[in-house]
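Have a look at the structure below before the remarks.
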Amino acid sequence: MKTSISIFTLLLILCGSVIAAKPFPPTSELPPQPEPPDPLVMFDGKPVASKNDWLKKRQPELKALFQHYEYGYFPSPAKFKTTTDYVDRKFLNGKATLKLATLTFAEKKAPQIHLLLVVPNKRKSPAPVFLGLNFSGNHSLVTDANVPLPTSWINGKYPGVVDHYATDAGRGQQADVWAIEQSIDRGYASASIFSGEIQPDLTNATTGVREAFHGSKDPQHDWGNIAAWAWGLQRGIDYLETDTDIDQKKMAVVGHSRLGKAALLAAAFDDRIALAVPLQAGAGGTSPARGKIGESVQRINTGFPHWFCGEFKKFNDQPERLPFDQHCLIALCAPRPVLLSNATEDTWANPAGQFEMLKAADKVYRLVGTDGLASNAMPEEGRLIESTLGYYIRPGKHSMTADDWKIFLDFADKHFGKPH
Ligand code: GCU
């Protein structure tokens with residue numbers, strides 16, 4: 001089967017993306033902002049008085065500000081062709097269908113993107129889906145030997161990864177982390193792409209979409225890895241839009257840690273994403289840049305200089321000059337549901353600061369006419385706040401588990417309705 005991205009989709013995304021750097025002032029000229037900056041005040045100090053002001057003026061302004069000062073400018077979406085390489089309708093003892101698709105861009109320098117999709121067979125209508133990037137290759141999510149091993153560089157130590165490259169020994173090693181069967185049993189499809197194939201997690205990568213496409217000619221404002229991963233997720237959404245097994249109104253994104261930062265960014269810039277779950281995403285994602293707990297702007301820029309644009313480094317010792325904080329990124333998702341999920345021992349990701357970001361985003365959700373955050377205080381461990389701005393914290397460490405997925409599915413059931 002061959003499909004290609006529709007003209008309509010292309011136009012939709014083109015309208016939402018900013019190609020050239022806007023003339024915002026240099027960082028040194030930005031005035032310090034209150035903590036947190038008011039999302040309903042424009043960059044020039046004028047109030048955002050109505051839903052229309054938010055949608056027409058503040059939303060585009062914030063998107064431009066985030067690109068200019070933090071993530072770098074996104075390139076336009078790129079054309080690709082899809083081939084479906086493999087279909088197994090008897091996957092998981094006949095409970096599901098496994099599909100493997102390859103997205104091939106017209107631009108020769110761009111890497112191919114391989115997408116793994118598992119869809120429940122028992123259903124009366126198209127399935128809601130969670131799409132997330134993985135750290136160690138699609139083959140690590142399932143044991144099926146038909147899933148090709150990724151050929152690009154893998155960051156970190158994972159079972160079956162030898163000298164940063166995948167081997168057969170890695171097959172199925174992340175199955176517990178993704179708990180795909182649980183999603184299938186709950187009526188959800190599960191889709192994933194290996195993040196390193198979109199863009200390797202390296203400072204000096206020579207393969208990846210950042211080599212092939214640029215959002216700004218000025219290297220200081222061109223996109224970093226978090227934006228590249230978010231862009232890759234959006235291409236995954238392009239594909240899912242063409243798959244008739246998927247309910248296009250119920251496409252959620254999920255991501256752990258650095259890939260949670262990318263999931264939130266993707267959702268903030270793309271209305272087709274109906275719900276976002278950034279898990280333990282922390283600095284540069286869901287926790288405040290002005291926070292005093294966990295990772296600071298300076299630490300993240302020093303440890304991971306390739307994640308953000310060059311300009312972001314100028315905030316290392318003066319985050320108070322940022323003309324936004326991460327609550328504004330959450331607010332860009334309004335009125336769509338966002339769940340921030342955390343673990344008590346993961347103070348590096350500042351779970352309490354993340355709750356403050358939800359509180360600060362709440363007024364935008366109310367302005368556009370939804371319920372926002374249902375509580376002023378952090379919930380006790382193990383209790384989900386399931387309002388449109390949702391929050392969850394459980395005991396334990398920085399990790400993604402089947403129990404975390406149970407909460408994501410509960411949250412999605414609440415906002416999408418239970419699949420049938
Ligand atoms: C590091 C980094 C975090 C990131 C995390 C991860 O701890 O400092 O910002 O979220 O890695 O991706 O696991």
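We name chains A, B, ... following the order of the structure tokens; residues begin at 1 in each chain, and ligands are numbered from 1 as shown.
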May I have the residues within 7 Å of ligand 1, computed using only C-alpha atoms and all ligand atoms, as an MDAnalysis selection string? chainID A and resid 256:259 281:283 295 300 349
Go ahead and save the picked residues with C-alpha atoms, as a CSV table (one decimal), in the first residue's frame.
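Contents of the output file again.csv:
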```
chain,number,residue,atom,x,y,z
A,256,HIS,CA,9.4,10.0,28.7
A,257,SER,CA,11.9,12.6,29.9
A,258,ARG,CA,13.7,14.3,27.0
A,259,LEU,CA,11.1,12.6,24.7
A,281,ALA,CA,9.8,15.7,31.3
A,282,GLY,CA,11.4,18.3,33.6
A,283,ALA,CA,13.6,21.2,32.5
A,295,GLU,CA,17.9,20.8,36.6
A,300,ILE,CA,20.6,21.4,30.7
A,349,ALA,CA,12.5,16.9,37.0
```
Hey, what's within 10 Å of Pro379 (chain A) if we count only C-alpha atoms and toss same-chain stuff fewer than 4 positions away? As a PyMOL selection string, please? chain A and resi 355+375+383-385+391-394
File of the preceding selection, C-alpha atoms, as a JSON list (two decimals), in the first residue's frame:
```json
[["chain", "number", "residue", "atom", "x", "y", "z"],
["A", 355, "PHE", "CA", 2.43, 21.48, 39.36],
["A", 375, "SER", "CA", -6.99, 21.40, 42.42],
["A", 383, "ARG", "CA", -4.07, 9.79, 42.97],
["A", 384, "LEU", "CA", -4.77, 11.12, 39.49],
["A", 385, "ILE", "CA", -6.11, 14.64, 39.07],
["A", 391, "TYR", "CA", -1.44, 15.74, 37.31],
["A", 392, "TYR", "CA", -0.14, 12.50, 38.76],
["A", 393, "ILE", "CA", 2.71, 11.55, 41.05],
["A", 394, "ARG", "CA", 3.64, 8.05, 42.22]]
```
Going by DSSP on the backbone, which residues of region 47-239 of chain A come out as strand (DSSP E)? List them as JSON, numbers by chain. {"A": [80, 81, 82, 83, 84, 85, 86, 87, 88, 89, 90, 91, 96, 97, 98, 99, 100, 101, 102, 103, 104, 105, 113, 114, 115, 116, 117, 118, 119, 120, 127, 128, 129, 130, 131, 132, 133, 134, 161, 162, 165, 166, 189, 190, 191, 192, 193, 194]}
Region 94-100 of chain A surroundings by only C-alpha atoms, 10 Å radius, close-in-sequence under 6 positions cut, as a ChimeraX atom specification: /A:83-88,114-122,138,142,144,146-148,181,184-185,187,189-191,245
Restrict the selected residues to N, CA and C atoms and save them as a PDB file, in the first residue's frame.
```
ATOM      1  N   THR A  83       5.330   3.608   2.742  1.00  0.00           N
ATOM      2  CA  THR A  83       5.086   2.226   2.330  1.00  0.00           C
ATOM      3  C   THR A  83       4.745   1.434   3.584  1.00  0.00           C
ATOM      4  N   THR A  84       3.759   0.551   3.462  1.00  0.00           N
ATOM      5  CA  THR A  84       3.477  -0.367   4.566  1.00  0.00           C
ATOM      6  C   THR A  84       4.234  -1.646   4.255  1.00  0.00           C
ATOM      7  N   ASP A  85       5.202  -1.969   5.101  1.00  0.00           N
ATOM      8  CA  ASP A  85       6.150  -3.040   4.781  1.00  0.00           C
ATOM      9  C   ASP A  85       5.712  -4.401   5.311  1.00  0.00           C
ATOM     10  N   TYR A  86       4.906  -4.386   6.356  1.00  0.00           N
ATOM     11  CA  TYR A  86       4.578  -5.651   6.999  1.00  0.00           C
ATOM     12  C   TYR A  86       3.279  -5.487   7.773  1.00  0.00           C
ATOM     13  N   VAL A  87       2.397  -6.462   7.679  1.00  0.00           N
ATOM     14  CA  VAL A  87       1.144  -6.460   8.448  1.00  0.00           C
ATOM     15  C   VAL A  87       0.938  -7.864   9.014  1.00  0.00           C
ATOM     16  N   ASP A  88       0.718  -7.950  10.324  1.00  0.00           N
ATOM     17  CA  ASP A  88       0.392  -9.237  10.948  1.00  0.00           C
ATOM     18  C   ASP A  88      -0.948  -9.075  11.677  1.00  0.00           C
ATOM     19  N   HIS A 114      10.855   4.934  10.473  1.00  0.00           N
ATOM     20  CA  HIS A 114      10.109   3.680  10.571  1.00  0.00           C
ATOM     21  C   HIS A 114       9.126   3.764  11.728  1.00  0.00           C
ATOM     22  N   LEU A 115       7.885   3.462  11.435  1.00  0.00           N
ATOM     23  CA  LEU A 115       6.843   3.565  12.464  1.00  0.00           C
ATOM     24  C   LEU A 115       6.257   2.190  12.747  1.00  0.00           C
ATOM     25  N   LEU A 116       6.155   1.888  14.020  1.00  0.00           N
ATOM     26  CA  LEU A 116       5.539   0.627  14.455  1.00  0.00           C
ATOM     27  C   LEU A 116       4.156   0.957  15.001  1.00  0.00           C
ATOM     28  N   LEU A 117       3.161   0.235  14.535  1.00  0.00           N
ATOM     29  CA  LEU A 117       1.797   0.500  14.982  1.00  0.00           C
ATOM     30  C   LEU A 117       1.122  -0.815  15.349  1.00  0.00           C
ATOM     31  N   VAL A 118       0.519  -0.849  16.529  1.00  0.00           N
ATOM     32  CA  VAL A 118      -0.240  -2.025  16.950  1.00  0.00           C
ATOM     33  C   VAL A 118      -1.676  -1.550  17.219  1.00  0.00           C
ATOM     34  N   VAL A 119      -2.645  -2.173  16.539  1.00  0.00           N
ATOM     35  CA  VAL A 119      -4.046  -1.727  16.619  1.00  0.00           C
ATOM     36  C   VAL A 119      -4.897  -2.863  17.176  1.00  0.00           C
ATOM     37  N   PRO A 120      -5.817  -2.547  18.103  1.00  0.00           N
ATOM     38  CA  PRO A 120      -6.673  -3.626  18.620  1.00  0.00           C
ATOM     39  C   PRO A 120      -7.609  -4.143  17.532  1.00  0.00           C
ATOM     40  N   ASN A 121      -7.828  -5.467  17.493  1.00  0.00           N
ATOM     41  CA  ASN A 121      -8.732  -6.043  16.488  1.00  0.00           C
ATOM     42  C   ASN A 121     -10.185  -5.979  16.931  1.00  0.00           C
ATOM     43  N   LYS A 122     -10.391  -6.077  18.269  1.00  0.00           N
ATOM     44  CA  LYS A 122     -11.769  -6.116  18.766  1.00  0.00           C
ATOM     45  C   LYS A 122     -12.257  -4.688  18.991  1.00  0.00           C
ATOM     46  N   ASN A 138      12.476   0.453  17.581  1.00  0.00           N
ATOM     47  CA  ASN A 138      11.142  -0.172  17.581  1.00  0.00           C
ATOM     48  C   ASN A 138      11.210  -1.656  17.926  1.00  0.00           C
ATOM     49  N   VAL A 142       8.724  -4.942  20.966  1.00  0.00           N
ATOM     50  CA  VAL A 142       8.023  -6.218  20.729  1.00  0.00           C
ATOM     51  C   VAL A 142       9.060  -7.297  20.384  1.00  0.00           C
ATOM     52  N   ASP A 144       8.640  -9.619  17.987  1.00  0.00           N
ATOM     53  CA  ASP A 144       8.497 -10.053  16.597  1.00  0.00           C
ATOM     54  C   ASP A 144       9.772  -9.770  15.788  1.00  0.00           C
ATOM     55  N   ASN A 146      10.235  -9.667  12.736  1.00  0.00           N
ATOM     56  CA  ASN A 146      10.059  -8.929  11.476  1.00  0.00           C
ATOM     57  C   ASN A 146      10.330  -7.437  11.612  1.00  0.00           C
ATOM     58  N   VAL A 147      10.404  -6.966  12.842  1.00  0.00           N
ATOM     59  CA  VAL A 147      10.670  -5.532  13.026  1.00  0.00           C
ATOM     60  C   VAL A 147      12.157  -5.303  12.748  1.00  0.00           C
ATOM     61  N   PRO A 148      12.488  -4.451  11.761  1.00  0.00           N
ATOM     62  CA  PRO A 148      13.904  -4.276  11.437  1.00  0.00           C
ATOM     63  C   PRO A 148      14.675  -3.591  12.568  1.00  0.00           C
ATOM     64  N   GLU A 181       0.402  -4.510  25.215  1.00  0.00           N
ATOM     65  CA  GLU A 181      -0.765  -5.398  25.343  1.00  0.00           C
ATOM     66  C   GLU A 181      -1.835  -4.779  26.246  1.00  0.00           C
ATOM     67  N   ILE A 184      -3.777  -2.376  24.214  1.00  0.00           N
ATOM     68  CA  ILE A 184      -4.668  -3.120  23.303  1.00  0.00           C
ATOM     69  C   ILE A 184      -5.896  -3.611  24.070  1.00  0.00           C
ATOM     70  N   ASP A 185      -5.664  -4.167  25.269  1.00  0.00           N
ATOM     71  CA  ASP A 185      -6.779  -4.681  26.080  1.00  0.00           C
ATOM     72  C   ASP A 185      -7.749  -3.571  26.483  1.00  0.00           C
ATOM     73  N   GLY A 187      -8.385  -1.057  24.460  1.00  0.00           N
ATOM     74  CA  GLY A 187      -8.989  -0.533  23.229  1.00  0.00           C
ATOM     75  C   GLY A 187      -8.193   0.542  22.519  1.00  0.00           C
ATOM     76  N   ALA A 189      -4.769   1.899  20.321  1.00  0.00           N
ATOM     77  CA  ALA A 189      -3.634   1.549  19.473  1.00  0.00           C
ATOM     78  C   ALA A 189      -2.380   2.181  20.067  1.00  0.00           C
ATOM     79  N   SER A 190      -1.233   1.583  19.750  1.00  0.00           N
ATOM     80  CA  SER A 190       0.037   2.085  20.267  1.00  0.00           C
ATOM     81  C   SER A 190       0.997   2.232  19.096  1.00  0.00           C
ATOM     82  N   ALA A 191       1.576   3.418  18.953  1.00  0.00           N
ATOM     83  CA  ALA A 191       2.472   3.666  17.818  1.00  0.00           C
ATOM     84  C   ALA A 191       3.785   4.234  18.337  1.00  0.00           C
ATOM     85  N   ASP A 245      -7.587   2.729  10.348  1.00  0.00           N
ATOM     86  CA  ASP A 245      -7.805   2.041  11.635  1.00  0.00           C
ATOM     87  C   ASP A 245      -7.762   3.016  12.814  1.00  0.00           C
TER      88      ASP A 245
END
```
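The nearest approach to Asn342 (chain A) among the residues A:Gly310, A:Gly260, A:Gly291, A:Pro219, with only C-alpha atoms taken into account, belongs to A:Gly260.
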Surrounding residues of Ala78 (chain A) excluding itself and chain neighbours under 4 positions, 9 Å, only C-alpha atoms, as a VMD selection string: chain A and resid 10 105 to 107 213 235
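Nearest residue to Arg290 (chain A) among A:Asn316, A:Gln59, A:Gln248, A:Asn52 is A:Asn316, counting only C-alpha atoms.
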Residues of region 71-184 of chain A in helix (DSSP H, G or I), written as an MDAnalysis selection string: chainID A and resid 71 138:140 168:170 175:178 180:184
Same residues, N, CA and C atoms, output as an mmCIF file, in the first residue's frame:
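Contents of the output file part36.cif:
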```cif
data_model
loop_
_atom_site.group_PDB
_atom_site.id
_atom_site.type_symbol
_atom_site.label_atom_id
_atom_site.label_comp_id
_atom_site.auth_asym_id
_atom_site.auth_seq_id
_atom_site.Cartn_x
_atom_site.Cartn_y
_atom_site.Cartn_z
ATOM 1 N N TYR A 71 13.695 26.749 21.532
ATOM 2 C CA TYR A 71 13.811 25.489 20.769
ATOM 3 C C TYR A 71 14.416 25.665 19.376
ATOM 4 N N ASN A 138 12.476 0.453 17.581
ATOM 5 C CA ASN A 138 11.142 -0.172 17.581
ATOM 6 C C ASN A 138 11.210 -1.656 17.926
ATOM 7 N N HIS A 139 12.316 -2.285 17.533
ATOM 8 C CA HIS A 139 12.454 -3.730 17.774
ATOM 9 C C HIS A 139 12.494 -4.046 19.270
ATOM 10 N N SER A 140 12.808 -3.045 20.108
ATOM 11 C CA SER A 140 12.900 -3.318 21.542
ATOM 12 C C SER A 140 11.520 -3.308 22.220
ATOM 13 N N ASP A 168 20.134 -8.142 17.616
ATOM 14 C CA ASP A 168 18.921 -8.952 17.838
ATOM 15 C C ASP A 168 18.636 -9.187 19.319
ATOM 16 N N ALA A 169 19.687 -9.159 20.133
ATOM 17 C CA ALA A 169 19.500 -9.409 21.570
ATOM 18 C C ALA A 169 18.619 -8.338 22.229
ATOM 19 N N GLY A 170 18.410 -7.224 21.551
ATOM 20 C CA GLY A 170 17.591 -6.147 22.133
ATOM 21 C C GLY A 170 16.100 -6.323 21.877
ATOM 22 N N ALA A 175 9.650 -4.121 26.263
ATOM 23 C CA ALA A 175 8.219 -4.465 26.194
ATOM 24 C C ALA A 175 7.495 -4.053 27.481
ATOM 25 N N ASP A 176 8.151 -4.206 28.633
ATOM 26 C CA ASP A 176 7.515 -3.828 29.907
ATOM 27 C C ASP A 176 7.278 -2.325 29.982
ATOM 28 N N VAL A 177 8.237 -1.579 29.472
ATOM 29 C CA VAL A 177 8.167 -0.118 29.523
ATOM 30 C C VAL A 177 6.992 0.397 28.682
ATOM 31 N N TRP A 178 6.722 -0.261 27.567
ATOM 32 C CA TRP A 178 5.672 0.214 26.648
ATOM 33 C C TRP A 178 4.334 -0.460 26.897
ATOM 34 N N ILE A 180 2.401 -2.611 25.630
ATOM 35 C CA ILE A 180 1.486 -2.462 24.490
ATOM 36 C C ILE A 180 0.223 -3.319 24.662
ATOM 37 N N GLU A 181 0.402 -4.510 25.215
ATOM 38 C CA GLU A 181 -0.765 -5.398 25.343
ATOM 39 C C GLU A 181 -1.835 -4.779 26.246
ATOM 40 N N GLN A 182 -1.388 -4.089 27.294
ATOM 41 C CA GLN A 182 -2.346 -3.428 28.185
ATOM 42 C C GLN A 182 -3.158 -2.379 27.410
ATOM 43 N N SER A 183 -2.495 -1.601 26.557
ATOM 44 C CA SER A 183 -3.215 -0.598 25.753
ATOM 45 C C SER A 183 -4.212 -1.282 24.834
ATOM 46 N N ILE A 184 -3.777 -2.376 24.214
ATOM 47 C CA ILE A 184 -4.668 -3.120 23.303
ATOM 48 C C ILE A 184 -5.896 -3.611 24.070
#
```
Name all residues at most 12 Å from Leu103 (chain A) (count only C-alpha atoms; drop same-chain ones fewer than 6 positions away) and give them as a list in words. Lys2, Thr3, Ser4, Ile5, Ala78, Lys79, Phe80, Lys81, Thr82, Thr83, Thr84, Asp85, Ala110, Pro111, Gln112, Ile113, His114, Leu115, Leu116, Ile193, Glu197, Ile198, Gly232, Arg235, Gly236, Ile237, Asp238, Tyr239 and Leu240 of chain A
